[in-house]
Amino acid sequence: MSDPRQEPEDQGPMHMHQLITADGQRVEDELLEEFIADVDDETLLGLYRDMVAVRRIDREATALQRQGQLALWPPMLGQEASQVGSARALEADDFIFPTYRENGVAYCRGALFSQMMGVWRGNTNTGWDPYEINMATPQIIIGAQTLHAAGYAMGLGLEGKESLAIGYLGDGATSQGDVHEAMVFAASFQAPVIFFCQNNHWAISEPVGLQSSVPLAGRAPGYGIPSLQVDGNDVLAVLAATRWAAARARSGGGPSFIEAVTYRMGAHTTADDPTRYRGVTELEEWGAKDPIARLRTLLQGRGKLDAGAEAEIATTADTVGAELRQACISLPDPEPMSIFDNVYADSHAILERQRDHYERYLAGFFAAEQGLGTSSSSGAAGTKGASTMEGSRP
Amino acid sequence: MSQLTLTQSINAGLRRAMEDDPKVVLLGEDIGTLGGVFRVTDGLMKDFGSHRVIDTPLAESAIIGTAVGLAYRGFRPVCEIQFDGFIYPGFDQIVSQVAKLHVRTQGKVRMPLTIRVPFGGGIGSPEHHSESPEAYFVHTAGLRVVSPSNPQDAYTMVRQAIASDDPVLYFEPKRRYHAKGDVDLEADLGAAPALGSARVAAAGTDVTLVAYGAMLKTALDAASAAAEEGISIDVVDLRSLSPVDYVPLMESVRRTGRLVIAHEASQTLGLGAEIAATITERCFNYLETAPVRVTGFDVPYPPSKLEKHHLPDLDRILDGVDCALGRTNSRTGMED
Ligand SMILES: Cc1ncc(C[n+]2csc(CCOP(=O)(O)OP(=O)(O)O)c2C)c(N)n1
Ligand SMILES: [Mg+2]
């Protein structure tokens with residue numbers, strides 16, 4: 001038996017589609033070319049701007065976590081092209097089912113920083129209103145959202161709507177039963193759904209080779225789902241690949257699977273210590289394939305990114321960072337009694353009784369703290385009326 | 001005696017079980033190279049090899065389901081579920097297979113699985129990382145469910161769980177992972193209190209207070225605070241949630257006549273409900289007041305900034321004690 005912890009060596013028939021090489025050269029790709037025929041240098045510059053902003057979001061949020069302003073943060077450093085390229089391929093009415101890591105996608109979607117930070121600050125489980133930006137809230141249960149995407153797309157099919165759902169997932173998620181069941185349903189019902197898998201090579205401490213002995217994109221065809229493997233650090237190729245899948249979905253072609261080959265340059269989350277399980281060589285190797293640097297080289301070569309433009313983009317990024325910080329630290333603490341809200345569309349007597357009880361408890365606690373206390377809390381037992389302890393015993 | 005944290009104690013217990021029985025294998029996400037996200041399995045892959053400490057692909061149903069197959073083959077699998085809220089993909093295998101195989105095969109197939117689950121809140125985590133799902137498993141016949149509250153029990157009980165021929169859900173009080181205590185690593189397993197036994201953690205005379213897992217510490221703190229006010233609380237550490245050891249519990253309630261049960265899990269159909277019902281049935285004539293439950297509310301675990309409102313703390317327990325004592329408390333004046 002081969003060691004499952006090794007990278008799959010045989011990439012088989014999988015061909016990694018690419019349009020911009022790691023050193024910033026534009027190369028041709030037979031399949032993808034038609035999907036980006038309309039992309040001019042201005043659009044490329046826009047993608048560059050997005051990626052710089054997303055990287056800045058990541059840096060600022062990581063800093064905020066270290067400063068105790070966020071409880072946790074899942075870095076997306078290195079995955080900017082996968083997130084921006086895919087998000088920018090979508091229409092406003094396409095519906096996104098993300099994982100916890102797609103904050104770059106959320107940015108492109110127009111989520112407010114206050115909404116983005118609320119979840120990671122521990123204020124709420126829901127950042128944005130899913131229907132406002134057509135994007136579900138961050139999914140922490142690995143793989144669950146792929147079923148939701150398949151189901152949403154089945155709904156579009158039932159309504160005969162020309163729109164699509166996209167489910168983001170990680171390499172680790174491909175091992176979950178939910179993901180396989182999502183592909184079965186999507187294929188059976190030819191649902192207009194895109195499974196967008198960011199293979200960032202790690203699921204916390206587990207390398208992708210432990211999840212699969214074949215390239216991840218190689219699995220989907222077995223379910224009857226056409227797939228592509230794309231350079232996930234090449235924003236143009238990711239845009240094109242997602243447009244390929246979107247065109248299939250919109251024209252009744254059914255589901256597609258995209259494996260965006262990228263790399264998680266940061267820790268799994270700010271609570272993780274990656275030095276325990278991976279070496280620096282890998283980091284250096286992937287650092288050389290940076291998504292932002294390669295587009296910078298390309299744009300500079302075309303004379304589209306002079307010092308002035310760079311400075312302007314840097315200023316925009318600084319503004320993004322400052323706005324995010326401000327939005328985060330000025331989030332009001334949630335109301336204690338809100339824990340009873342929205343458990344049901346129509347609450348019920350038992351829950352309302354618990355709410356009432358806790359309200360009384362807090363009121364008594366407050367009164368006790370003010371020295372008015374008759375009720376329990378901090379002073380507890382001794383401050384209250386006579387014990388009935390001496391009451392009769394059987 | 002060694003001074004160990006609760007995580008180190010579980011680690012030592014796993015190590016000892018693996019030394020004693022070559023059929024003990026560990027399965028879970030990130031348990032090998034990383035040593036688990038809480039480092040409970042730290043160093044075990046290095047010492048026992050990746051064939052016995054298995055980093056599995058990311059799939060809980062498969063972790064439990066393949067452990068069933070390993071058990072069929074005579075192994076004693078110890079599964080780690082990374083966080084409480086991630087056990088549900090494995091729920092079907094636990095409820096429909098692990099719990100039922102022994103009875104289904106008329107005792108011919110044993111399921112000596114141990115399923116380790118860090119549980120409970122109070123650590124400032126996002127959704128799904130702070131749950132108390134123990135009642136689902138207590139409700140499922142065929143499973144044993146335990147939860148240690150201190151390093152010595154953590155060490156002994158994990159060994160007992162692995163040695164048990166029944167499947168055991170072993171709920172680890174993650175909020176107390178770093179708590180230190182004396183652990184006798186050489187203690188004879190046969191002489192240790194049985195896996196299914198409860199224990200009086202602090203002796204008292206006025207009120208019986210039942211808790212388990214991380215809540216035990218809160219209960220002990222409440223007992224100390226109450227002692228300053230002249231109230232003497234008998235604190236019972238449940239240790240085993242299924243089956244519940246009612247002997248020391250009834251003995252205590254017969255002395256105190258008053259019962260408070262505290263847990264983080266939601267109230268409805270939680271351990272508190274079951275214990276209150278059973279004690280009411282079996283000790284009715286000894287009870288001075290109705291049993292009191294101090295629990296998490298019947299709400300999904302709230303975001304971390306609000307978790308202190310959901311988790312029963314010392315004050316809420318003392319308020320429950322007041323209620324059991326018939327003193328003015330937060331329930332006073334509430335309509336029935
Ligand atoms: C059902 C479930 N099991 C375990 C976890 C714990 N967990 C959180 S992230 C993660 C790794 C996910 O890896 P991958 O799918 O590659 O996504 P990435 O984090 O790399 O973006 C694990 C095991 C979880 N959140 N949900
Ligand atoms: Mg990954």
# chains A, B, ... in the order shown; residues from 1 in each chain; ligands from 1
call {"tool": "select_by_dssp", "arguments": {"residues": "region 286-376 of chain A", "states": "alpha helix (DSSP H)", "output": "number ranges by chain"}}
result
A: 286-287, 291-301, 307-329, 349-369
call {"tool": "residues_near_ligand", "arguments": {"ligand": "ligand 1", "cutoff": "7 Å", "atoms": "only C-alpha atoms and all ligand atoms", "output": "number ranges by chain"}}
result
A: 101, 140-142, 169-174, 199-204, 264, 268; B: 29, 58-60, 82, 86, 89
call {"tool": "residues_around", "arguments": {"residues": "Gly232 (chain A)", "least_positions_apart": "4", "cutoff": "9 Å", "atoms": "only C-alpha atoms", "output": "PyMOL selection string"}}
result
chain A and resi 18+79-83+85+198-200+237-238+259-263+291
call {"tool": "atom_distance", "arguments": {"atom1": "CA of Val146 (chain B)", "atom2": "CA of Thr256 (chain B)"}}
result
25.6 Å
call {"tool": "residues_around", "arguments": {"residues": "region 163-174 of chain B", "least_positions_apart": "4", "cutoff": "7 Å", "atoms": "only C-alpha atoms", "output": "list in words"}}
result
Val98, Arg110, Met111, Pro112, Leu113, Thr114, Ile115, Arg116, Val117, Pro118, Phe119, Gly120, Leu143, Arg144, Val145, Val146, Ser147, Pro148, Ser149, Arg159, Gly213 and Ala214 of chain B
